[in-house]
Structures are given as C-alpha cells and as structure tokens.
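Undergrad: So here's start.csv (CSV, C-alpha atoms).
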chain,number,residue,atom,x,y,z
A,1,MET,CA,0.0,0.0,0.0
A,2,LYS,CA,2.8,2.4,0.9
A,3,ILE,CA,4.5,1.7,-2.4
A,4,ARG,CA,1.3,2.3,-4.3
A,5,PHE,CA,0.7,5.6,-2.4
A,6,ALA,CA,4.3,6.8,-3.2
A,7,ILE,CA,3.8,6.1,-7.0
A,8,LEU,CA,0.4,7.9,-7.0
A,9,ALA,CA,2.0,10.9,-5.2
A,10,GLY,CA,4.8,11.0,-7.7
A,11,LEU,CA,2.4,11.0,-10.6
A,12,LEU,CA,0.4,13.8,-9.0
A,13,VAL,CA,3.5,15.9,-8.6
A,14,VAL,CA,4.5,15.3,-12.3
A,15,GLY,CA,1.0,16.2,-13.4
A,16,LEU,CA,1.0,19.4,-11.5
A,17,LEU,CA,4.4,20.4,-12.8
A,18,SER,CA,3.5,19.6,-16.4
A,19,GLY,CA,0.5,21.9,-16.0
A,20,LEU,CA,2.7,24.9,-15.1
A,21,PRO,CA,2.9,27.5,-18.0
A,22,VAL,CA,6.2,27.7,-19.8
A,23,GLN,CA,7.8,31.1,-19.3
A,24,ALA,CA,7.0,33.2,-22.4
A,25,GLN,CA,9.6,34.9,-24.5
A,26,GLN,CA,9.9,38.6,-24.2
A,27,ALA,CA,8.2,40.2,-27.2
A,28,ALA,CA,10.3,42.8,-29.0
A,29,GLY,CA,8.5,43.7,-32.2
A,30,HIS,CA,7.0,42.4,-35.5
A,31,VAL,CA,7.8,42.0,-39.2
A,32,GLU,CA,6.6,45.1,-40.9
A,33,ARG,CA,7.7,44.2,-44.4
A,34,GLN,CA,9.3,41.2,-46.0
A,35,LYS,CA,10.5,40.0,-49.4
A,36,GLY,CA,12.0,36.5,-49.8
A,37,PRO,CA,12.8,34.0,-47.2
A,38,ALA,CA,13.6,34.9,-43.6
A,39,SER,CA,13.5,33.0,-40.3
A,40,ARG,CA,13.9,33.4,-36.5
A,41,SER,CA,15.7,30.8,-34.3
A,42,THR,CA,15.8,30.2,-30.6
A,43,ALA,CA,17.6,27.3,-29.1
A,44,ALA,CA,16.8,24.3,-31.5
A,45,VAL,CA,13.7,25.8,-33.0
A,46,THR,CA,13.6,27.7,-36.3
A,47,ILE,CA,10.5,29.4,-37.5
A,48,ASP,CA,9.9,30.9,-41.0
A,49,LEU,CA,8.9,34.6,-40.8
A,50,ALA,CA,6.0,36.3,-42.5
A,51,GLU,CA,4.6,39.8,-42.4
A,52,GLY,CA,3.0,40.5,-39.1
A,53,GLY,CA,4.9,37.7,-37.3
A,54,ARG,CA,6.3,38.5,-33.9
A,55,ILE,CA,9.9,38.9,-33.0
A,56,PHE,CA,11.3,38.1,-29.5
A,57,VAL,CA,14.3,38.8,-27.3
A,58,GLY,CA,16.9,36.2,-27.9
A,59,ASP,CA,15.9,35.5,-31.5
A,60,GLU,CA,18.5,35.0,-34.1
A,61,ILE,CA,17.1,36.5,-37.3
A,62,ARG,CA,18.4,35.3,-40.7
A,63,THR,CA,17.5,36.4,-44.3
A,64,GLY,CA,18.1,34.3,-47.4
A,65,PRO,CA,19.5,35.1,-50.9
A,66,GLY,CA,17.7,38.1,-52.5
A,67,ALA,CA,15.7,38.7,-49.3
A,68,ARG,CA,14.7,41.9,-47.5
A,69,LEU,CA,13.3,42.2,-44.0
A,70,GLN,CA,12.0,45.2,-42.0
A,71,ILE,CA,11.3,44.8,-38.3
A,72,ARG,CA,9.4,47.4,-36.3
A,73,PHE,CA,10.2,47.1,-32.6
A,74,ASP,CA,7.6,47.9,-29.9
A,75,ASP,CA,9.3,51.3,-29.3
A,76,GLU,CA,8.8,52.2,-33.0
A,77,SER,CA,12.5,51.8,-33.9
A,78,MET,CA,13.0,50.1,-37.3
A,79,LEU,CA,15.6,47.7,-38.5
A,80,THR,CA,15.9,46.9,-42.2
A,81,LEU,CA,18.0,43.9,-43.4
A,82,GLY,CA,19.4,43.0,-46.8
A,83,GLU,CA,20.0,39.5,-48.1
A,84,ASN,CA,22.0,36.9,-46.2
A,85,ALA,CA,21.9,38.9,-43.0
A,86,LEU,CA,22.3,37.4,-39.6
A,87,ILE,CA,21.5,39.3,-36.4
A,88,THR,CA,20.6,38.5,-32.8
A,89,ILE,CA,18.2,40.5,-30.6
A,90,ASP,CA,20.3,40.5,-27.4
A,91,GLN,CA,18.1,42.8,-25.4
A,92,PHE,CA,14.9,44.8,-25.6
A,93,VAL,CA,13.2,46.4,-22.7
A,94,TYR,CA,10.7,49.2,-23.3
A,95,ALA,CA,9.1,50.9,-20.4
A,96,PRO,CA,8.0,54.4,-21.3
A,97,SER,CA,8.0,55.5,-17.6
A,98,GLY,CA,11.0,53.4,-16.5
A,99,ASP,CA,14.3,51.9,-17.6
A,100,SER,CA,14.5,50.9,-21.2
A,101,SER,CA,17.3,49.3,-23.3
A,102,GLN,CA,18.0,47.9,-26.7
A,103,ALA,CA,21.0,45.8,-27.9
A,104,LEU,CA,21.4,44.2,-31.3
A,105,ALA,CA,24.3,42.1,-32.5
A,106,ILE,CA,24.8,42.3,-36.3
A,107,ALA,CA,26.8,39.3,-37.4
A,108,GLN,CA,26.6,39.7,-41.2
A,109,GLY,CA,24.7,41.6,-43.9
A,110,VAL,CA,23.8,45.2,-44.7
A,111,PHE,CA,21.3,46.9,-42.4
A,112,ARG,CA,19.6,50.3,-41.7
A,113,PHE,CA,18.6,51.3,-38.2
A,114,ALA,CA,16.2,54.1,-37.2
A,115,ALA,CA,16.0,54.8,-33.5
A,116,GLY,CA,12.6,54.8,-31.7
A,117,GLN,CA,11.4,55.9,-28.3
A,118,ILE,CA,14.3,54.2,-26.4
A,119,GLY,CA,16.7,56.1,-28.6
A,120,LYS,CA,14.9,59.4,-27.7
A,121,LEU,CA,14.5,58.7,-24.0
A,122,ALA,CA,17.7,56.9,-23.2
A,123,PRO,CA,20.1,56.9,-26.2
A,124,ASP,CA,23.0,55.7,-24.0
A,125,ASN,CA,21.0,52.5,-23.5
A,126,VAL,CA,20.9,51.6,-27.2
A,127,ALA,CA,23.9,49.7,-28.7
A,128,LEU,CA,24.5,47.9,-31.9
A,129,GLU,CA,27.4,45.5,-32.1
A,130,THR,CA,28.9,44.6,-35.5
A,131,PRO,CA,31.9,42.5,-36.5
A,132,VAL,CA,34.2,45.5,-36.6
A,133,ALA,CA,32.8,48.1,-34.1
A,134,VAL,CA,30.2,49.0,-31.6
A,135,VAL,CA,27.8,51.8,-32.5
A,136,GLY,CA,26.3,54.2,-30.0
A,137,ILE,CA,23.4,56.4,-31.1
A,138,ARG,CA,22.1,59.9,-30.6
A,139,GLY,CA,18.6,59.9,-32.0
A,140,THR,CA,19.5,58.3,-35.2
A,141,VAL,CA,19.0,56.9,-38.7
A,142,PHE,CA,22.1,55.2,-40.1
A,143,LEU,CA,23.2,52.2,-42.2
A,144,GLY,CA,26.1,49.8,-42.2
A,145,GLY,CA,27.4,46.5,-43.4
A,146,GLU,CA,29.8,44.7,-45.6
A,147,LEU,CA,30.5,46.6,-48.8
A,148,THR,CA,32.7,46.3,-51.9
A,149,VAL,CA,33.4,50.0,-52.6
A,150,GLY,CA,35.0,52.6,-50.3
A,151,MET,CA,38.3,50.9,-49.6
A,152,PRO,CA,41.0,49.4,-51.9
A,153,ALA,CA,39.7,46.6,-54.2
A,154,GLY,CA,39.9,43.2,-52.8
A,155,GLN,CA,40.0,44.3,-49.2
A,156,PRO,CA,36.9,43.0,-47.3
A,157,HIS,CA,35.5,45.9,-45.3
A,158,TYR,CA,32.6,47.4,-43.4
A,159,GLY,CA,31.1,50.8,-43.8
A,160,PHE,CA,28.8,53.1,-41.8
A,161,GLN,CA,26.9,56.1,-43.0
A,162,ILE,CA,24.8,58.6,-41.0
A,163,ILE,CA,21.4,59.6,-42.5
A,164,GLU,CA,20.0,61.6,-39.6
A,165,GLY,CA,21.2,62.4,-36.1
A,166,ALA,CA,24.6,61.1,-35.0
A,167,ILE,CA,26.4,57.9,-34.1
A,168,GLU,CA,29.8,57.1,-32.5
A,169,VAL,CA,31.6,54.2,-34.2
A,170,THR,CA,34.1,52.6,-31.7
A,171,SER,CA,36.6,49.8,-32.6
A,172,PRO,CA,39.4,48.5,-30.4
A,173,ALA,CA,41.7,50.8,-32.2
A,174,GLY,CA,39.8,54.1,-32.1
A,175,SER,CA,36.5,55.9,-32.7
A,176,VAL,CA,34.8,58.5,-34.8
A,177,VAL,CA,31.6,60.5,-34.7
A,178,LEU,CA,29.3,60.8,-37.7
A,179,ASP,CA,27.0,63.8,-37.2
A,180,GLU,CA,26.4,65.3,-40.7
A,181,PRO,CA,24.0,63.6,-43.1
A,182,GLY,CA,25.9,61.6,-45.7
A,183,GLU,CA,29.1,61.3,-43.7
A,184,GLY,CA,30.6,57.8,-43.4
A,185,THR,CA,33.6,55.8,-42.4
A,186,PHE,CA,35.1,52.4,-43.3
A,187,LEU,CA,36.9,49.6,-41.4
A,188,PRO,CA,38.6,46.5,-42.8
A,189,LEU,CA,37.2,43.2,-41.5
A,190,THR,CA,40.5,42.5,-39.7
A,191,ARG,CA,38.7,43.7,-36.5
A,192,VAL,CA,41.9,45.5,-35.3
A,193,ALA,CA,41.9,48.7,-37.3
A,194,ALA,CA,40.6,52.2,-36.5
A,195,PRO,CA,37.7,53.7,-38.5
A,196,THR,CA,38.9,55.7,-41.5
A,197,PRO,CA,38.7,59.5,-41.3
A,198,VAL,CA,35.1,60.9,-41.6
A,199,ARG,CA,34.1,62.1,-45.0
A,200,GLN,CA,31.1,62.4,-47.2
A,201,TRP,CA,30.4,59.2,-49.1
A,202,THR,CA,30.6,59.3,-52.8
A,203,GLU,CA,27.5,58.7,-54.9
A,204,GLU,CA,28.8,55.2,-55.8
A,205,GLU,CA,29.4,54.3,-52.1
A,206,ALA,CA,26.0,55.4,-51.0
A,207,ALA,CA,24.2,53.8,-53.9
A,208,GLU,CA,25.8,50.3,-53.1
A,209,ALA,CA,24.4,50.4,-49.5
A,210,GLN,CA,21.0,51.7,-50.5
A,211,ALA,CA,20.6,49.1,-53.3
A,212,ALA,CA,21.4,46.3,-50.8
A,213,LEU,CA,18.4,47.4,-48.7
A,214,ALA,CA,15.9,48.4,-51.4
A,215,PHE,CA,12.7,46.3,-51.6
Take the structure in the file and write it out as structure tokens.
TA:
Amino acid sequence: MKIRFAILAGLLVVGLLSGLPVQAQQAAGHVERQKGPASRSTAAVTIDLAEGGRIFVGDEIRTGPGARLQIRFDDESMLTLGENALITIDQFVYAPSGDSSQALAIAQGVFRFAAGQIGKLAPDNVALETPVAVVGIRGTVFLGGELTVGMPAGQPHYGFQIIEGAIEVTSPAGSVVLDEPGEGTFLPLTRVAAPTPVRQWTEEEAAEAQAALAF
C-alpha cells in the first residue's frame, strides 16, 4: 500500500508540474515588411517569418538570398536587413516610464537602423554590435554593413553612413563620430583597425548600400 501511495503521489507531482505554464519569451517587435525567405531561431527551433509575425528577445534573425526584411520594434524603432543577413536581438526592454534598453548584434549583412522611443528617452541604452565596431546612437538613422566600394579593391571591409542624427563608431583601435548627413567611415574586416577619417560618401558608395536594402 505504501509503495502504491508513493507512486500515485509522484504521478500527481509530475502532473502538477507539467501543467505549469512555460515562461513566455519577451516580445520585441514584429515583421513590418518582407521580401523573400527569412527566419527566426531560438535554441533548437527555427520558424519561418512572414509579415505580421512577432519577434522576440533572444531570437537569431536570418534572411536568405535576395531577401529583404523590415522589423518594427515595440518602441517604434526600425531595422531593415538586406540579403544573407544574420542578427541577434540580445536585449529589448521598453518601459515608457521606466528603464529601457535595446541591444542588437549584427553578425553579417547590410542593415539600416532608425531609433525609436528608447533612442529618444535613453540613447545611451541603445547599442548595436557589429563584426568591426560597436555603434552608439544619438537619435539616429544610419546604415552599415559589408561593402565592396570605399576601400581598396579586394580588401573586405565594413562601412557606416549617417542619414539623420549622430552615431559614434568605436573599434578596439579608435572611434569617430558621424553627425552630418551623408558622412561615413570604413573599417577593414581585420577587426583590429581604427575607423577611416570621416568624410562624405561618394554617390557610388552610398548607392551600393542603398541598393542592398531596397525592396
């Protein structure tokens, strides 16, 4: 009888535990616009994205060949990705009357970021990490990514251009501030160089980045 009671008690505990809700992921935003294949992954689960689909903290977002993806975060910030992009939403906390923060890790691809309410209320709490530098914002619209023009041919490199507001691009070897529309800087993908001196991008340089993001 005692053995039977112990088994029943164990089954009861298991049943109660299995009925507990799984902790939900923290929502961060949704897909505003999409062209071509894109997905989000968390742990061992990969889900194909579609317009209107939700995006969550911790998601690894990937776009396919020829794809474009635009994410609207819940603070109204916007992230546009070109093809073969890979990013991770490391942190997103939006509390209009409290502490808010946003952190994105850009592993590959061309992107454009437009700051939202977090960038207006707490710009120091917004950071974008790229393979070559960390970008701090000051109420901003800017673009960046791996490009083919802007540095000597055959040298893989990354570029950043400010469209509105200002950003500080900081690498282990130095930093620059872009605060005039059209200004840009480049860094080789060696990850040890300082940003090149700030200058206005040429029409060719700007057109390459814009084409990589155009729907």
Undergrad: Using all atoms listed in the file, find all polymer residues with an atom at most 10 Å away from the point (15.0, 48.7, -38.8); report them as JSON, numbers by chain.
TA: {"A": [31, 32, 69, 70, 71, 72, 73, 76, 77, 78, 79, 80, 81, 111, 112, 113, 114, 115, 116, 141, 142, 143]}
Undergrad: Residues proximal to (13.2, 48.6, -50.6) were defined as those with any atom within 12 Å of that point in the file's coordinates, counting all atoms listed in the file. Which are they, as a count of residues only?
TA: 21
Undergrad: Between region 26-135 of chain A and region 193-207 of chain A, at 12 Å or less, what are the per-residue closest atom pairs and their distances in Å? Count all atoms listed in the file, order by chain and rising residue number, and return it as a tab-separated table.
TA:
residue	atom	partner	partner_atom	distance
A:Pro131	CA	A:Ala193	CA	11.8
A:Val132	CA	A:Ala193	CA	8.4
A:Ala133	CA	A:Pro195	CA	8.6
A:Val134	CA	A:Pro195	CA	11.2
A:Val135	CA	A:Pro195	CA	11.7
Undergrad: Measuring between all atoms listed in the file, which one of A:Ser39, A:Thr190, A:Gln91, A:Gln117 shows the shortest distance to Arg54 (chain A)?
TA: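 So, comparing all the options, the nearest one is A:Ser39.
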Undergrad: Could you state the separation of CA of Gly119 (chain A) and CA of Gly139 (chain A) in Å, given to one decimal place?
TA: 5.4 Å
Undergrad: Please indicate the distance in Å from CA of Gly98 (chain A) to CA of Ala122 (chain A), rounded to one decimal place.
TA: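 Computed distance, CA of Gly98 (chain A) to CA of Ala122 (chain A), equals 10.1 Å.
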Undergrad: Can you tell me which residues surround Ile55 (chain A) at a distance of at most 8 Å, considering only C-alpha atoms, apart from same-chain residues fewer than 6 positions away, and format the answer as a list in words?
TA: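 Listed by chain and then number, they are Ala27, Ala28, Gly29, His30, Val31 and Arg40 of chain A.
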Undergrad: Output C-alpha atoms for every residue in the selection just made, as a PDB file, in the frame of the given file.
TA:
ATOM      1  CA  ALA A  27       8.200  40.200 -27.200  1.00  0.00           C
ATOM      2  CA  ALA A  28      10.300  42.800 -29.000  1.00  0.00           C
ATOM      3  CA  GLY A  29       8.500  43.700 -32.200  1.00  0.00           C
ATOM      4  CA  HIS A  30       7.000  42.400 -35.500  1.00  0.00           C
ATOM      5  CA  VAL A  31       7.800  42.000 -39.200  1.00  0.00           C
ATOM      6  CA  ARG A  40      13.900  33.400 -36.500  1.00  0.00           C
TER       7      ARG A  40
END
Undergrad: Any idea what the distance is between CA of Leu178 (chain A) and CA of Ala103 (chain A)?
TA: 19.7 Å
